[in-house]
$ cat coords-v6.csv   # CSV, C-alpha atoms
chain,number,residue,atom,x,y,z
A,1,MET,CA,23.2,37.7,-26.1
A,2,TYR,CA,19.8,36.1,-26.1
A,3,LYS,CA,16.8,37.4,-24.2
A,4,ILE,CA,13.9,35.2,-23.1
A,5,LYS,CA,10.6,36.8,-23.8
A,6,ALA,CA,7.8,36.1,-21.2
A,7,MET,CA,5.0,34.1,-22.8
A,8,LYS,CA,1.4,33.4,-21.6
A,9,LYS,CA,1.6,29.7,-22.3
A,10,ASN,CA,4.7,27.6,-22.7
A,11,ILE,CA,5.2,25.4,-25.7
A,12,VAL,CA,5.9,22.5,-23.3
A,13,SER,CA,2.7,22.0,-21.3
A,14,SER,CA,4.5,20.6,-18.3
A,15,PHE,CA,6.2,23.9,-17.8
A,16,ASP,CA,2.8,25.4,-17.1
A,17,VAL,CA,2.4,23.2,-14.0
A,18,ASP,CA,3.6,24.4,-10.6
A,19,HIS,CA,5.7,21.4,-9.7
A,20,ARG,CA,5.9,22.6,-6.0
A,21,THR,CA,2.2,21.7,-5.6
A,22,LEU,CA,1.9,18.6,-7.8
A,23,ASP,CA,1.0,15.3,-6.2
A,24,ALA,CA,1.5,11.8,-7.4
A,25,GLY,CA,-1.4,10.7,-9.6
A,26,LEU,CA,-2.7,10.5,-13.1
A,27,TYR,CA,-3.2,13.7,-15.0
A,28,LEU,CA,-4.3,14.6,-18.5
A,29,ARG,CA,-1.5,17.1,-19.2
A,30,SER,CA,-2.5,18.3,-22.7
A,31,VAL,CA,-4.5,17.5,-25.8
A,32,TYR,CA,-2.9,18.4,-29.2
A,33,THR,CA,-4.8,18.4,-32.4
A,34,ILE,CA,-2.9,17.5,-35.5
A,35,ASN,CA,-4.1,18.6,-39.0
A,36,GLU,CA,-7.5,19.5,-37.4
A,37,GLU,CA,-8.3,15.8,-37.4
A,38,TYR,CA,-6.2,13.8,-34.9
A,39,GLN,CA,-6.1,14.3,-31.1
A,40,VAL,CA,-3.0,13.3,-29.2
A,41,ARG,CA,-3.5,13.2,-25.4
A,42,SER,CA,-0.5,13.5,-23.2
A,43,TRP,CA,-0.9,11.8,-19.8
A,44,ASP,CA,1.2,12.5,-16.8
A,45,LEU,CA,1.7,9.3,-14.8
A,46,ARG,CA,3.2,11.0,-11.7
A,47,PHE,CA,4.7,8.3,-9.5
A,48,ARG,CA,6.3,10.7,-7.0
A,49,ALA,CA,5.4,14.2,-6.0
A,50,PRO,CA,8.2,16.5,-7.2
A,51,MET,CA,10.3,18.1,-4.4
A,52,ALA,CA,8.5,16.1,-1.7
A,53,HIS,CA,9.9,12.7,-2.5
A,54,ALA,CA,13.1,11.1,-3.9
A,55,PRO,CA,12.8,10.5,-7.6
A,56,LEU,CA,12.6,7.0,-9.0
A,57,GLY,CA,16.0,5.2,-9.4
A,58,SER,CA,17.4,4.7,-12.9
A,59,GLY,CA,16.9,1.0,-12.6
A,60,GLU,CA,13.2,1.5,-11.7
A,61,VAL,CA,12.6,3.9,-14.5
A,62,HIS,CA,14.2,1.6,-17.1
A,63,THR,CA,12.3,-1.4,-15.8
A,64,ILE,CA,8.9,0.3,-15.7
A,65,GLU,CA,9.6,1.8,-19.2
A,66,HIS,CA,10.2,-1.6,-20.7
A,67,LEU,CA,7.2,-3.2,-19.0
A,68,MET,CA,4.6,-0.5,-19.6
A,69,ALA,CA,5.8,0.3,-23.2
A,70,TYR,CA,5.1,-3.3,-24.0
A,71,TYR,CA,2.2,-4.5,-21.9
A,72,LEU,CA,0.0,-1.3,-22.2
A,73,ARG,CA,0.1,-1.8,-26.0
A,74,LEU,CA,-1.5,-5.2,-25.5
A,75,ASP,CA,-4.5,-3.7,-23.7
A,76,GLU,CA,-7.8,-4.2,-25.6
A,77,LYS,CA,-9.1,-0.8,-24.9
A,78,ILE,CA,-6.1,1.6,-25.2
A,79,GLY,CA,-3.4,-0.5,-26.8
A,80,SER,CA,-4.0,0.5,-30.4
A,81,SER,CA,-4.2,4.2,-29.4
A,82,ILE,CA,-0.8,4.4,-27.7
A,83,VAL,CA,1.7,6.6,-29.4
A,84,SER,CA,4.5,6.4,-26.8
A,85,PHE,CA,5.4,5.7,-23.2
A,86,CYS,CA,8.5,7.4,-21.9
A,87,PRO,CA,10.1,8.5,-18.7
A,88,MET,CA,10.2,12.1,-17.4
A,89,GLY,CA,13.7,13.6,-17.2
A,90,CYS,CA,13.1,14.4,-13.5
A,91,LYS,CA,12.4,10.7,-12.8
A,92,THR,CA,9.2,11.3,-10.9
A,93,GLY,CA,7.0,9.5,-13.5
A,94,PHE,CA,6.2,8.9,-17.1
A,95,TYR,CA,4.4,10.3,-20.1
A,96,LEU,CA,1.9,8.3,-22.0
A,97,SER,CA,0.7,9.7,-25.3
A,98,THR,CA,-2.5,8.3,-26.8
A,99,MET,CA,-4.6,9.0,-29.8
A,100,GLN,CA,-8.3,9.9,-29.9
A,101,ASN,CA,-10.7,9.3,-27.1
A,102,VAL,CA,-8.7,7.5,-24.3
A,103,GLU,CA,-10.1,8.6,-20.9
A,104,ALA,CA,-8.4,8.6,-17.5
A,105,GLU,CA,-10.5,5.7,-16.4
A,106,ASP,CA,-9.3,3.7,-19.4
A,107,VAL,CA,-5.7,4.4,-18.5
A,108,ARG,CA,-6.3,3.5,-14.8
A,109,GLU,CA,-7.9,0.2,-15.8
A,110,ALA,CA,-5.1,-0.7,-18.2
A,111,LEU,CA,-2.5,0.0,-15.6
A,112,ALA,CA,-4.3,-2.2,-13.1
A,113,LYS,CA,-4.4,-5.0,-15.7
A,114,VAL,CA,-0.7,-4.7,-16.4
A,115,TYR,CA,0.0,-4.7,-12.7
A,116,LYS,CA,-2.1,-7.9,-12.2
A,117,GLN,CA,-0.4,-9.6,-15.1
A,118,VAL,CA,3.2,-8.7,-14.5
A,119,PHE,CA,3.9,-7.9,-10.8
A,120,PRO,CA,5.6,-8.8,-8.6
A,121,LEU,CA,8.7,-9.2,-10.7
A,122,LYS,CA,10.9,-12.1,-9.6
A,123,SER,CA,13.9,-11.8,-11.9
A,124,ALA,CA,15.3,-9.9,-14.9
A,125,SER,CA,13.7,-12.6,-17.1
A,126,ASP,CA,10.3,-11.0,-16.3
A,127,ILE,CA,11.4,-7.8,-18.0
A,128,VAL,CA,10.5,-7.9,-21.7
A,129,GLY,CA,13.1,-6.7,-24.1
A,130,LEU,CA,15.9,-6.7,-21.6
A,131,ASN,CA,18.7,-8.1,-23.8
A,132,GLU,CA,21.6,-6.8,-25.9
A,133,ILE,CA,19.6,-7.0,-29.1
A,134,GLN,CA,16.5,-5.0,-28.0
A,135,CYS,CA,18.0,-2.7,-25.3
A,136,GLY,CA,20.9,-0.3,-25.1
A,137,ASN,CA,21.6,-1.0,-21.4
A,138,PRO,CA,20.2,-4.5,-20.4
A,139,GLY,CA,22.2,-4.4,-17.1
A,140,LEU,CA,20.2,-1.4,-15.9
A,141,TYR,CA,17.1,-2.8,-14.1
A,142,ALA,CA,15.7,-3.1,-10.6
A,143,ILE,CA,13.5,-5.9,-9.3
A,144,ASP,CA,12.6,-5.2,-5.6
A,145,SER,CA,12.5,-1.4,-5.8
A,146,THR,CA,10.4,-1.5,-9.0
A,147,ASN,CA,7.9,-3.8,-7.3
A,148,ALA,CA,7.7,-1.3,-4.4
A,149,ALA,CA,7.4,1.7,-6.8
A,150,MET,CA,4.6,0.1,-8.8
A,151,ALA,CA,2.7,-0.9,-5.7
A,152,GLU,CA,3.1,2.6,-4.3
A,153,TYR,CA,1.7,4.0,-7.6
A,154,MET,CA,-1.2,1.6,-7.7
A,155,ARG,CA,-2.1,2.7,-4.1
A,156,THR,CA,-2.1,6.3,-5.4
A,157,LEU,CA,-4.6,5.3,-8.2
A,158,PHE,CA,-6.8,2.9,-6.3
A,159,THR,CA,-8.3,2.7,-2.8
A,160,ALA,CA,-7.9,-0.7,-1.1
A,161,ASP,CA,-11.5,-1.6,-2.1
A,162,GLU,CA,-10.9,-0.6,-5.7
A,163,ALA,CA,-7.6,-2.6,-5.8
A,164,ALA,CA,-9.4,-5.7,-4.4
A,165,GLU,CA,-12.1,-5.4,-7.1
A,166,ARG,CA,-9.4,-5.4,-9.8
A,167,GLY,CA,-7.5,-8.3,-8.2
A,168,ILE,CA,-4.5,-6.2,-7.2
A,169,ALA,CA,-5.2,-6.1,-3.4
A,170,SER,CA,-1.5,-7.1,-2.9
A,171,VAL,CA,-0.5,-3.5,-3.4
A,172,TYR,CA,-1.8,-2.9,0.1
A,173,GLU,CA,0.3,-5.7,1.6
A,174,LYS,CA,3.9,-5.3,2.6
A,175,TRP,CA,5.5,-8.1,0.5
A,176,TRP,CA,8.4,-6.2,-1.0

$ encode --input "coords-v6.csv" --output "structure tokens"
Amino acid sequence: MYKIKAMKKNIVSSFDVDHRTLDAGLYLRSVYTINEEYQVRSWDLRFRAPMAHAPLGSGEVHTIEHLMAYYLRLDEKIGSSIVSFCPMGCKTGFYLSTMQNVEAEDVREALAKVYKQVFPLKSASDIVGLNEIQCGNPGLYAIDSTNAAMAEYMRTLFTADEAAERGIASVYEKWW
């Protein structure tokens, strides 16, 4: 029989967060230092508030993962600092890991640029890497609901005026 010993801080930083009170948004979840030289920042891109909303669908998660993992790496400011972009198991958002001095505003701006460049999706051909060679399940995607989920998340990150300044005012229009 195994006993779990109570610890002050969990090894997994997200376990230190009370998910009952967590809202949708962008959070710096943790900063890890490797070899006393490199900083890795773990960002919580929380699309949905846990417990309060339905999680993202599997097709939405897979589609957003493909698009963000690719297009965020093309961003001039944060692209070369990205270590990984991956979904949360609870399907309420994603983790973005970056090296060095990436700040929340850098992540917000990069997300806005990707949104402006890629959305709204019109067909599966808009999803980079969605084929049998590059993907383990190319039939798993969603167009309309991903458009809606991304617009909803952009509304979480940007006011209507801020969205307009970035050329993504469409997130405040009901087009999906």

$ residues_around --input "coords-v6.csv" --residues "Lys77 of chain A" --least-positions-apart "6" --cutoff "10 Å" --atoms "only C-alpha atoms" --output "PDB file with C-alpha atoms, in the frame of the given file"
ATOM      1  CA  VAL A 102      -8.700   7.500 -24.300  1.00  0.00           C
ATOM      2  CA  ASP A 106      -9.300   3.700 -19.400  1.00  0.00           C
ATOM      3  CA  VAL A 107      -5.700   4.400 -18.500  1.00  0.00           C
ATOM      4  CA  GLU A 109      -7.900   0.200 -15.800  1.00  0.00           C
ATOM      5  CA  ALA A 110      -5.100  -0.700 -18.200  1.00  0.00           C
TER       6      ALA A 110
END

$ residues_around --input "coords-v6.csv" --residues "Leu72 of chain A" --least-positions-apart "2" --cutoff "12 Å" --atoms "all atoms listed in the file" --output "PyMOL selection string"
chain A and resi 64-70+74-85+96-98+106-115+117-118

$ closest_atom_pairs --input "coords-v6.csv" --of "segment 80-146 of chain A" --to "segment 45-48 of chain A" --cutoff "6 Å" --atoms "all atoms listed in the file" --output "JSON lines"
{"residue": "A:Thr92", "atom": "CA", "partner": "A:Arg48", "partner_atom": "CA", "distance": 4.9}
{"residue": "A:Gly93", "atom": "CA", "partner": "A:Arg46", "partner_atom": "CA", "distance": 4.5}
{"residue": "A:Phe94", "atom": "CA", "partner": "A:Leu45", "partner_atom": "CA", "distance": 5.1}

$ atom_distance --input "coords-v6.csv" --atom1 "atom CA of His19 of chain A" --atom2 "atom CA of Ala49 of chain A"
8.1 Å

$ atom_distance --input "coords-v6.csv" --atom1 "atom CA of Arg41 of chain A" --atom2 "atom CA of Met99 of chain A"
6.2 Å

$ closest_residue --input "coords-v6.csv" --among "A:Thr63, A:Ser125, A:Thr156, A:Thr33" --to "Tyr141 of chain A" --atoms "all atoms listed in the file"
A:Thr63

$ closest_residue --input "coords-v6.csv" --among "A:Cys135, A:Ala124, A:Lys116, A:Glu37" --to "Ala169 of chain A" --atoms "all atoms listed in the file"
A:Lys116

$ closest_residue --input "coords-v6.csv" --among "A:Phe119, A:Tyr38, A:Tyr27, A:Trp43" --to "Ser145 of chain A" --atoms "all atoms listed in the file"
A:Phe119

$ atom_distance --input "coords-v6.csv" --atom1 "atom CA of Leu28 of chain A" --atom2 "atom CA of Pro87 of chain A"
15.6 Å

$ closest_residue --input "coords-v6.csv" --among "A:Glu60, A:Leu130, A:Pro120, A:Pro50" --to "Ile168 of chain A" --atoms "all atoms listed in the file"
A:Pro120

$ closest_residue --input "coords-v6.csv" --among "A:Ser123, A:Asn147, A:Ser30, A:Asn101" --to "Val17 of chain A" --atoms "all atoms listed in the file"
A:Ser30

$ closest_residue --input "coords-v6.csv" --among "A:Thr159, A:Gln100, A:Ser58, A:Ser42" --to "Leu26 of chain A" --atoms "all atoms listed in the file"
A:Ser42

$ axis_aligned_box --input "coords-v6.csv" --around "segment 33-40 of chain A" --padding-each-side "3 Å" --output "JSON"
{"center_x": -5.6, "center_y": 16.4, "center_z": -34.1, "size_x": 11.4, "size_y": 12.2, "size_z": 15.8}

$ decode --input "coords-v6.csv" --residues "segment 72-85 of chain A" --atoms "N, CA and C atoms" --output "PDB file, in the first residue's frame"
ATOM      1  N   LEU A  72       2.527  30.304 -34.177  1.00  0.00           N
ATOM      2  CA  LEU A  72       3.211  31.053 -33.117  1.00  0.00           C
ATOM      3  C   LEU A  72       4.719  31.002 -33.299  1.00  0.00           C
ATOM      4  N   ARG A  73       5.221  29.904 -33.836  1.00  0.00           N
ATOM      5  CA  ARG A  73       6.670  29.798 -34.069  1.00  0.00           C
ATOM      6  C   ARG A  73       7.163  30.729 -35.171  1.00  0.00           C
ATOM      7  N   LEU A  74       6.258  31.264 -35.967  1.00  0.00           N
ATOM      8  CA  LEU A  74       6.625  32.221 -37.014  1.00  0.00           C
ATOM      9  C   LEU A  74       6.658  33.658 -36.508  1.00  0.00           C
ATOM     10  N   ASP A  75       6.188  33.880 -35.289  1.00  0.00           N
ATOM     11  CA  ASP A  75       6.145  35.232 -34.742  1.00  0.00           C
ATOM     12  C   ASP A  75       7.560  35.767 -34.526  1.00  0.00           C
ATOM     13  N   GLU A  76       7.800  36.988 -34.991  1.00  0.00           N
ATOM     14  CA  GLU A  76       9.132  37.593 -34.891  1.00  0.00           C
ATOM     15  C   GLU A  76       9.611  37.761 -33.458  1.00  0.00           C
ATOM     16  N   LYS A  77       8.705  38.067 -32.556  1.00  0.00           N
ATOM     17  CA  LYS A  77       9.094  38.356 -31.168  1.00  0.00           C
ATOM     18  C   LYS A  77       9.274  37.087 -30.332  1.00  0.00           C
ATOM     19  N   ILE A  78       8.317  36.160 -30.389  1.00  0.00           N
ATOM     20  CA  ILE A  78       8.380  34.996 -29.487  1.00  0.00           C
ATOM     21  C   ILE A  78       8.685  33.677 -30.183  1.00  0.00           C
ATOM     22  N   GLY A  79       8.613  33.653 -31.504  1.00  0.00           N
ATOM     23  CA  GLY A  79       8.744  32.395 -32.240  1.00  0.00           C
ATOM     24  C   GLY A  79       9.970  31.569 -31.897  1.00  0.00           C
ATOM     25  N   SER A  80      11.126  32.200 -31.835  1.00  0.00           N
ATOM     26  CA  SER A  80      12.358  31.455 -31.567  1.00  0.00           C
ATOM     27  C   SER A  80      12.485  31.038 -30.106  1.00  0.00           C
ATOM     28  N   SER A  81      11.617  31.555 -29.246  1.00  0.00           N
ATOM     29  CA  SER A  81      11.651  31.212 -27.823  1.00  0.00           C
ATOM     30  C   SER A  81      10.694  30.073 -27.458  1.00  0.00           C
ATOM     31  N   ILE A  82       9.872  29.643 -28.407  1.00  0.00           N
ATOM     32  CA  ILE A  82       8.862  28.631 -28.088  1.00  0.00           C
ATOM     33  C   ILE A  82       9.485  27.251 -27.965  1.00  0.00           C
ATOM     34  N   VAL A  83       9.184  26.603 -26.848  1.00  0.00           N
ATOM     35  CA  VAL A  83       9.617  25.233 -26.599  1.00  0.00           C
ATOM     36  C   VAL A  83       8.509  24.277 -27.020  1.00  0.00           C
ATOM     37  N   SER A  84       7.270  24.556 -26.590  1.00  0.00           N
ATOM     38  CA  SER A  84       6.161  23.677 -26.958  1.00  0.00           C
ATOM     39  C   SER A  84       4.831  24.393 -26.818  1.00  0.00           C
ATOM     40  N   PHE A  85       3.858  23.863 -27.536  1.00  0.00           N
ATOM     41  CA  PHE A  85       2.474  24.287 -27.427  1.00  0.00           C
ATOM     42  C   PHE A  85       1.663  23.006 -27.372  1.00  0.00           C
TER      43      PHE A  85
END
